[in-house]
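Below is my_file.txt, which holds compact mmCIF, C-alpha atoms.
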# COMPACT_ATOMS: atom_id res chain seq x y z
CA MET A 1 -15.57 -27.46 25.33
CA GLU A 2 -18.07 -24.87 26.48
CA TYR A 3 -19.22 -27.08 29.36
CA ILE A 4 -16.05 -26.42 31.36
CA ALA A 5 -15.48 -22.81 30.36
CA GLY A 6 -14.86 -20.84 33.54
CA ARG A 7 -15.34 -23.79 35.92
CA ARG A 8 -13.72 -26.95 37.25
CA ARG A 9 -15.03 -30.44 36.63
CA SER A 10 -13.72 -33.91 37.36
CA PRO A 11 -12.27 -35.72 34.33
CA ALA A 12 -14.83 -38.51 34.76
CA ASP A 13 -17.72 -36.01 34.76
CA ILE A 14 -16.43 -34.29 31.63
CA LEU A 15 -15.93 -37.59 29.85
CA LYS A 16 -19.40 -38.86 30.72
CA ARG A 17 -21.18 -35.66 29.70
CA PHE A 18 -19.38 -35.24 26.39
CA VAL A 19 -19.77 -38.85 25.36
CA ARG A 20 -23.49 -38.57 26.11
CA SER A 21 -24.08 -35.19 24.44
CA SER A 22 -21.76 -35.38 21.44
CA HIS A 23 -22.13 -39.08 20.55
CA LEU A 24 -18.35 -39.26 20.19
CA SER A 25 -16.46 -42.27 21.44
CA ARG A 26 -14.76 -42.22 24.85
CA GLU A 27 -11.42 -42.48 23.06
CA ARG A 28 -12.13 -39.40 20.93
CA VAL A 29 -13.22 -37.31 23.91
CA GLN A 30 -10.16 -38.41 25.90
CA ALA A 31 -7.94 -37.46 22.95
CA ALA A 32 -9.62 -34.02 22.76
CA ILE A 33 -9.00 -33.45 26.47
CA ARG A 34 -5.33 -34.41 26.07
CA GLU A 35 -5.03 -31.98 23.15
CA LEU A 36 -6.52 -29.12 25.18
CA VAL A 37 -4.18 -29.85 28.10
CA SER A 38 -1.16 -29.99 25.77
CA ALA A 39 -2.22 -26.70 24.18
CA GLY A 40 -2.43 -25.05 27.60
CA GLU A 41 -6.18 -24.43 27.36
CA LEU A 42 -6.99 -26.80 30.25
CA ALA A 43 -5.02 -27.82 33.33
CA TYR A 44 -5.26 -30.58 35.94
CA THR A 45 -5.53 -29.44 39.56
CA CYS A 46 -5.80 -31.39 42.80
CA GLU A 47 -7.79 -30.41 45.88
CA HIS A 48 -8.56 -32.51 48.96
CA GLY A 49 -7.31 -35.61 47.16
CA ARG A 50 -9.57 -35.10 44.13
CA THR A 51 -8.42 -34.29 40.59
CA PHE A 52 -10.16 -31.66 38.48
CA LEU A 53 -9.87 -30.17 35.02
CA GLU A 54 -10.33 -26.44 34.69
CA PRO A 55 -9.33 -23.62 32.34
CA SER A 56 -5.60 -23.03 32.53
CA PHE A 57 -4.46 -19.72 33.98
CA ASP A 58 -0.96 -20.18 32.59
CA ARG A 59 -2.21 -18.11 29.65
CA PRO A 60 -4.32 -14.95 29.27
CA VAL A 61 -7.92 -15.66 30.35
CA ARG A 62 -10.90 -13.35 29.96
CA VAL A 63 -12.85 -13.28 33.23
CA GLY A 64 -15.20 -10.35 32.58
CA ASP A 65 -16.48 -8.11 29.82
CA ARG A 66 -13.27 -6.08 29.92
CA ILE A 67 -10.92 -7.84 32.34
CA VAL A 68 -8.27 -10.30 31.14
CA LEU A 69 -5.91 -12.00 33.61
CA SER A 70 -2.49 -12.90 32.27
CA PRO A 71 0.75 -14.32 33.69
CA PRO A 72 3.73 -11.98 33.29
CA GLY A 73 5.46 -12.37 29.96
CA LYS A 74 2.50 -13.87 28.11
CA GLY A 75 1.51 -11.96 25.00
CA PHE A 76 -2.07 -10.79 24.50
CA GLN A 77 -3.58 -8.40 21.99
CA PRO A 78 -6.27 -6.49 23.90
CA GLY A 79 -9.42 -5.30 22.25
CA ALA A 80 -10.90 -1.83 22.61
CA GLY A 81 -11.66 -1.21 26.27
CA ASP A 82 -9.88 -4.34 27.54
CA VAL A 83 -7.97 -4.19 30.82
CA VAL A 84 -5.11 -6.72 31.04
CA ILE A 85 -4.01 -7.51 34.60
CA ARG A 86 -0.62 -9.20 35.05
CA ILE A 87 -0.84 -11.67 37.94
CA MET A 88 2.18 -13.64 39.15
CA ALA A 89 1.63 -17.25 40.19
CA GLY A 90 2.09 -17.59 43.92
CA ALA A 91 0.63 -18.84 47.17
CA SER A 92 -1.93 -16.07 47.71
CA PHE A 93 -5.62 -16.35 46.91
CA GLY A 94 -6.95 -14.36 43.97
CA ALA A 95 -5.22 -15.55 40.80
CA GLY A 96 -8.56 -16.07 39.06
CA ARG A 97 -8.88 -19.82 39.41
CA HIS A 98 -11.63 -19.65 42.03
CA PRO A 99 -15.17 -18.60 41.03
CA SER A 100 -15.35 -16.05 43.86
CA THR A 101 -12.43 -14.09 42.37
CA ARG A 102 -14.06 -14.01 38.95
CA LEU A 103 -17.40 -12.99 40.48
CA ALA A 104 -15.74 -10.16 42.42
CA LEU A 105 -14.01 -8.91 39.27
CA ARG A 106 -17.27 -8.97 37.33
CA GLY A 107 -18.93 -7.20 40.26
CA ILE A 108 -16.35 -4.40 40.03
CA GLU A 109 -17.14 -4.03 36.34
CA VAL A 110 -20.86 -3.84 37.10
CA ALA A 111 -20.45 -1.32 39.94
CA LEU A 112 -18.21 0.98 37.93
CA ARG A 113 -20.43 0.77 34.86
CA ARG A 114 -23.67 1.47 36.74
CA HIS A 115 -22.28 4.23 38.95
CA ARG A 116 -19.65 5.72 36.68
CA PRO A 117 -20.33 9.44 37.37
CA ARG A 118 -20.40 8.90 41.14
CA LEU A 119 -17.47 6.50 41.50
CA PHE A 120 -15.08 8.20 39.07
CA ARG A 121 -15.26 11.58 40.79
CA PRO A 122 -11.98 13.36 41.72
CA GLY A 123 -10.28 11.70 44.67
CA SER A 124 -12.08 8.38 44.20
CA ARG A 125 -10.48 5.70 46.35
CA MET A 126 -11.10 1.99 46.86
CA LEU A 127 -10.45 -0.43 49.71
CA ASP A 128 -9.87 -4.16 49.17
CA ILE A 129 -10.34 -6.14 52.39
CA GLY A 130 -8.27 -9.35 52.47
CA THR A 131 -6.49 -8.37 49.28
CA GLY A 132 -4.58 -11.62 48.58
CA THR A 133 -2.88 -11.13 45.21
CA GLY A 134 -4.15 -7.55 45.00
CA VAL A 135 -6.10 -8.35 41.84
CA LEU A 136 -9.32 -6.58 42.89
CA ALA A 137 -7.51 -3.35 43.76
CA ILE A 138 -5.57 -3.52 40.50
CA ALA A 139 -8.76 -4.07 38.51
CA ALA A 140 -10.61 -1.16 40.13
CA VAL A 141 -7.75 1.26 39.54
CA LEU A 142 -7.12 0.15 35.96
CA LEU A 143 -10.85 0.57 35.31
CA GLY A 144 -10.79 4.16 36.51
CA ILE A 145 -10.69 4.56 40.31
CA GLU A 146 -7.91 7.03 41.17
CA SER A 147 -6.22 5.15 44.02
CA GLY A 148 -6.58 2.09 46.21
CA LEU A 149 -5.59 0.41 49.44
CA GLY A 150 -5.38 -3.36 49.91
CA ILE A 151 -5.17 -4.79 53.43
CA ASP A 152 -4.26 -8.33 54.46
CA ILE A 153 -2.90 -9.81 57.67
CA ASP A 154 -0.94 -12.49 55.76
CA PRO A 155 2.67 -11.34 55.15
CA CYS A 156 2.92 -13.64 52.12
CA ALA A 157 -0.15 -12.02 50.55
CA VAL A 158 1.23 -8.54 51.24
CA SER A 159 4.52 -9.40 49.54
CA GLU A 160 2.85 -10.97 46.50
CA ALA A 161 0.28 -8.16 46.18
CA LYS A 162 3.08 -5.58 46.15
CA GLU A 163 4.85 -7.50 43.38
CA ASN A 164 1.66 -7.72 41.31
CA ILE A 165 1.09 -4.00 41.74
CA ARG A 166 4.65 -3.40 40.51
CA LEU A 167 4.05 -5.67 37.51
CA ASN A 168 1.06 -3.52 36.56
CA GLY A 169 2.91 -0.23 37.08
CA LEU A 170 0.60 0.96 39.88
CA GLU A 171 3.04 1.52 42.77
CA GLU A 172 2.08 5.21 42.95
CA ARG A 173 -1.66 4.53 43.01
CA ILE A 174 -2.17 1.42 45.20
CA GLY A 175 -0.85 0.84 48.70
CA ILE A 176 -0.74 -2.50 50.51
CA SER A 177 -0.87 -2.74 54.30
CA THR A 178 -1.03 -5.30 57.09
CA GLN A 179 -3.28 -3.06 59.18
CA ALA A 180 -6.45 -4.61 60.54
CA LEU A 181 -9.77 -3.41 59.20
CA GLU A 182 -10.64 -2.08 62.65
CA ALA A 183 -7.71 0.34 62.38
CA VAL A 184 -8.86 1.81 59.05
CA GLU A 185 -10.46 5.22 59.54
CA GLN A 186 -10.65 6.93 56.14
CA THR A 187 -13.65 6.42 53.86
CA PHE A 188 -13.73 4.95 50.37
CA THR A 189 -15.77 5.33 47.19
CA LEU A 190 -15.63 1.60 46.42
CA ILE A 191 -15.03 -1.29 48.82
CA THR A 192 -14.39 -4.90 47.79
CA ALA A 193 -14.40 -7.94 50.06
CA ASN A 194 -13.93 -11.47 48.76
CA LEU A 195 -14.25 -13.23 52.12
CA ARG A 196 -16.16 -16.17 53.56
CA SER A 197 -19.71 -15.57 54.70
CA PRO A 198 -19.22 -15.54 58.51
CA THR A 199 -16.54 -12.87 58.14
CA LEU A 200 -18.65 -10.80 55.77
CA ARG A 201 -21.59 -10.86 58.18
CA ARG A 202 -19.35 -9.91 61.11
CA LEU A 203 -17.80 -6.99 59.24
CA SER A 204 -20.97 -5.61 57.61
CA ALA A 205 -21.44 -2.68 60.00
CA LYS A 206 -17.74 -1.71 59.94
CA ILE A 207 -17.73 -1.84 56.14
CA ARG A 208 -20.75 0.47 56.03
CA SER A 209 -18.96 2.99 58.26
CA LEU A 210 -16.04 3.12 55.80
CA LEU A 211 -18.10 3.61 52.64
CA ASP A 212 -18.19 7.15 51.37
CA SER A 213 -21.53 8.43 50.11
CA PRO A 214 -22.37 7.87 47.37
CA GLY A 215 -20.39 4.64 47.03
CA ALA A 216 -20.62 0.96 46.15
CA LEU A 217 -19.65 -2.35 47.73
CA VAL A 218 -18.65 -5.58 45.94
CA ILE A 219 -18.73 -8.81 47.96
CA ALA A 220 -17.95 -12.42 47.05
CA GLY A 221 -16.95 -15.68 48.74
CA ILE A 222 -20.57 -16.61 49.45
CA ARG A 223 -21.98 -20.09 48.89
CA VAL A 224 -25.38 -20.15 47.19
CA GLU A 225 -27.09 -21.47 50.32
CA GLU A 226 -25.54 -18.64 52.39
CA ARG A 227 -26.71 -15.78 50.18
CA GLY A 228 -29.87 -14.98 52.16
CA ASP A 229 -28.08 -14.72 55.51
CA VAL A 230 -25.26 -12.58 54.13
CA LEU A 231 -27.51 -10.17 52.26
CA SER A 232 -29.77 -9.89 55.31
CA ALA A 233 -26.77 -8.81 57.43
CA PHE A 234 -25.93 -6.11 54.92
CA MET A 235 -29.55 -4.99 54.70
CA ASP A 236 -29.43 -4.55 58.49
CA ALA A 237 -26.35 -2.37 57.92
CA ARG A 238 -28.42 -0.21 55.52
CA PHE A 239 -27.32 -1.66 52.20
CA GLN A 240 -29.47 -2.77 49.31
CA CYS A 241 -28.45 -5.35 46.73
CA GLU A 242 -28.58 -4.31 43.09
CA TRP A 243 -26.77 -7.18 41.34
CA THR A 244 -25.92 -10.82 42.04
CA GLU A 245 -24.41 -13.56 39.94
CA GLU A 246 -23.74 -17.24 40.56
CA GLU A 247 -20.90 -19.42 39.31
CA ASP A 248 -20.33 -23.02 40.27
CA GLY A 249 -22.14 -22.75 43.62
CA TRP A 250 -20.65 -19.36 44.59
CA VAL A 251 -22.27 -15.91 44.62
CA GLY A 252 -21.02 -12.38 44.12
CA ALA A 253 -23.01 -9.20 44.73
CA VAL A 254 -22.95 -5.44 44.27
CA LEU A 255 -24.59 -3.35 46.98
CA LYS A 256 -25.21 0.36 47.61
CA GLU A 257 -26.41 2.39 50.57
CA ILE A 258 -30.13 2.44 51.28
CA GLY A 259 -31.74 5.80 50.79
CA GLU A 260 -29.08 7.45 48.63
Would you write the structure of this file as structure tokens?
Amino acid sequence: MEYIAGRRRSPADILKRFVRSSHLSRERVQAAIRELVSAGELAYTCEHGRTFLEPSFDRPVRVGDRIVLSPPGKGFQPGAGDVVIRIMAGASFGAGRHPSTRLALRGIEVALRRHRPRLFRPGSRMLDIGTGTGVLAIAAVLLGIESGLGIDIDPCAVSEAKENIRLNGLEERIGISTQALEAVEQTFTLITANLRSPTLRRLSAKIRSLLDSPGALVIAGIRVEERGDVLSAFMDARFQCEWTEEEDGWVGAVLKEIGE
């Protein structure tokens, strides 16, 4: 069911669209949905009293060209160049179910592919602001950045991020801290921030001060209608946008310094 690959849809919406496009009976489409749920390909979720169907993350799921997210203990045979990230189910944001997480992960791939010689230099270091599960820091380091720091003011997120880092064998390369962004003083080759738009706009100047030159920034958590305001704030902080992508009403972007 390509229509729901990588996104959530209400069961009624899926049923209506597939009956209309495939000319199958309602009963046959309902049976196909049940089969996909039983096979672990799809899962029911509930948010704000509404039920959705979306790809199940209780199995390995490819979310980028190279990145595969997988629960611990689930087998997966990676292809050449694949990076498999083990993510434990928990309360923290960033397990891959939300479009903004997937956009941020794809943004990291884009940034590291486009700026490989600059970002993979000796001593390369990344900062993940509001790290949640730690997945963005893990992805950047597994893709080639030497070391990383994830910061989050939520003690639950800090605990879960540390466990995910342990699951991926990166305790010596990624640190997790509760320090506020304002207290961070060192500079970084790559910065990631999957945050809501008002926070991104507020932090744009501080983020610029922490970005080493040359470096790259990956942002996500932006609604489509907010894109102009967010990118304008970063342009004012002397960034330029070189990549954006949309998924299900959300936007991710890769930016670099103006004039480099």
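Among the candidates A:Glu185, A:Glu171, A:Glu257, A:Glu160, the residue lying nearest to A:Pro214 is A:Glu257 (atoms considered: all atoms listed in the file).
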Original post:
Which residues come within 7 Å of stretch 132-136 of chain A, counting all atoms listed in the file, excluding same-chain residues fewer than 4 positions away, as a PyMOL selection string?
Top reply: chain A and resi 92-95+105+128+140+150+152+157+160-161+164
Original post:
Which is closest to A:Arg227 among A:Gly215, A:Gly90, A:Gly130, A:Pro198, if we use all atoms listed in the file?
Top reply: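 For A:Arg227, the nearest of the given residues is A:Pro198.
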**OP:** In Å, rounded to a single decimal, give me how far atom CA of A:Ala111 is from atom CA of A:Val254.
**Re:**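 Atom-to-atom, atom CA of A:Val254 to atom CA of A:Ala111, that is 6.5 Å.
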Can you tell me, as AutoDock Vina command-line options, the centre and edge lengths (Å, one decimal) of the axis-aligned box enclosing all of stretch 126-135 of chain A's listed atoms after padding each side by 6 Å?
--center_x -7.0 --center_y -4.8 --center_z 47.2 --size_x 20.2 --size_y 25.6 --size_z 22.6
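Within 9 Å of the file-frame point (-9.4, -14.2, 31.8), and using all atoms listed in the file, the polymer residues found are Gly6, Phe57, Arg59, Pro60, Val61, Arg62, Val63, Gly64, Ile67, Val68, Leu69, Ser70, Val84, Gly96 and Arg102 of chain A.
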Model the absent atoms of stretch 169-188 of chain A so that N, CA and C atoms are present, and write the result as a compact mmCIF listing (two decimals), in the coordinates of the input.
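Below is the file that was written, out.txt:
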# COMPACT_ATOMS: atom_id res chain seq x y z
N GLY A 169 2.50 -1.63 37.12
CA GLY A 169 2.91 -0.23 37.08
C GLY A 169 2.05 0.69 37.94
N LEU A 170 1.54 0.19 39.07
CA LEU A 170 0.60 0.96 39.88
C LEU A 170 1.14 1.28 41.27
N GLU A 171 2.46 1.27 41.44
CA GLU A 171 3.04 1.52 42.77
C GLU A 171 2.64 2.88 43.33
N GLU A 172 2.42 3.87 42.48
CA GLU A 172 2.08 5.21 42.95
C GLU A 172 0.59 5.36 43.23
N ARG A 173 -0.20 4.36 42.88
CA ARG A 173 -1.66 4.53 43.01
C ARG A 173 -2.30 3.53 43.98
N ILE A 174 -1.60 2.43 44.30
CA ILE A 174 -2.17 1.42 45.20
C ILE A 174 -1.18 1.14 46.32
N GLY A 175 -1.64 1.22 47.55
CA GLY A 175 -0.85 0.84 48.70
C GLY A 175 -1.32 -0.47 49.28
N ILE A 176 -0.42 -1.23 49.88
CA ILE A 176 -0.74 -2.50 50.51
C ILE A 176 -0.29 -2.43 51.97
N SER A 177 -1.16 -2.89 52.87
CA SER A 177 -0.87 -2.74 54.30
C SER A 177 -1.31 -3.98 55.06
N THR A 178 -0.63 -4.22 56.18
CA THR A 178 -1.03 -5.30 57.09
C THR A 178 -1.98 -4.82 58.17
N GLN A 179 -2.42 -3.57 58.13
CA GLN A 179 -3.28 -3.06 59.18
C GLN A 179 -4.62 -3.79 59.21
N ALA A 180 -5.15 -3.97 60.39
CA ALA A 180 -6.45 -4.61 60.54
C ALA A 180 -7.55 -3.66 60.08
N LEU A 181 -8.65 -4.24 59.66
CA LEU A 181 -9.77 -3.41 59.20
C LEU A 181 -10.23 -2.45 60.29
N GLU A 182 -10.19 -2.91 61.53
CA GLU A 182 -10.64 -2.08 62.65
C GLU A 182 -9.81 -0.80 62.80
N ALA A 183 -8.59 -0.83 62.27
CA ALA A 183 -7.71 0.34 62.38
C ALA A 183 -7.88 1.32 61.22
N VAL A 184 -8.64 0.93 60.20
CA VAL A 184 -8.86 1.81 59.05
C VAL A 184 -9.89 2.86 59.43
N GLU A 185 -9.57 4.13 59.15
CA GLU A 185 -10.46 5.22 59.54
C GLU A 185 -10.97 6.04 58.36
N GLN A 186 -10.20 6.13 57.26
CA GLN A 186 -10.65 6.93 56.14
C GLN A 186 -11.81 6.25 55.42
N THR A 187 -12.52 6.99 54.60
CA THR A 187 -13.65 6.42 53.86
C THR A 187 -13.27 6.21 52.40
N PHE A 188 -14.06 5.39 51.72
CA PHE A 188 -13.73 4.95 50.37
C PHE A 188 -14.96 5.00 49.46
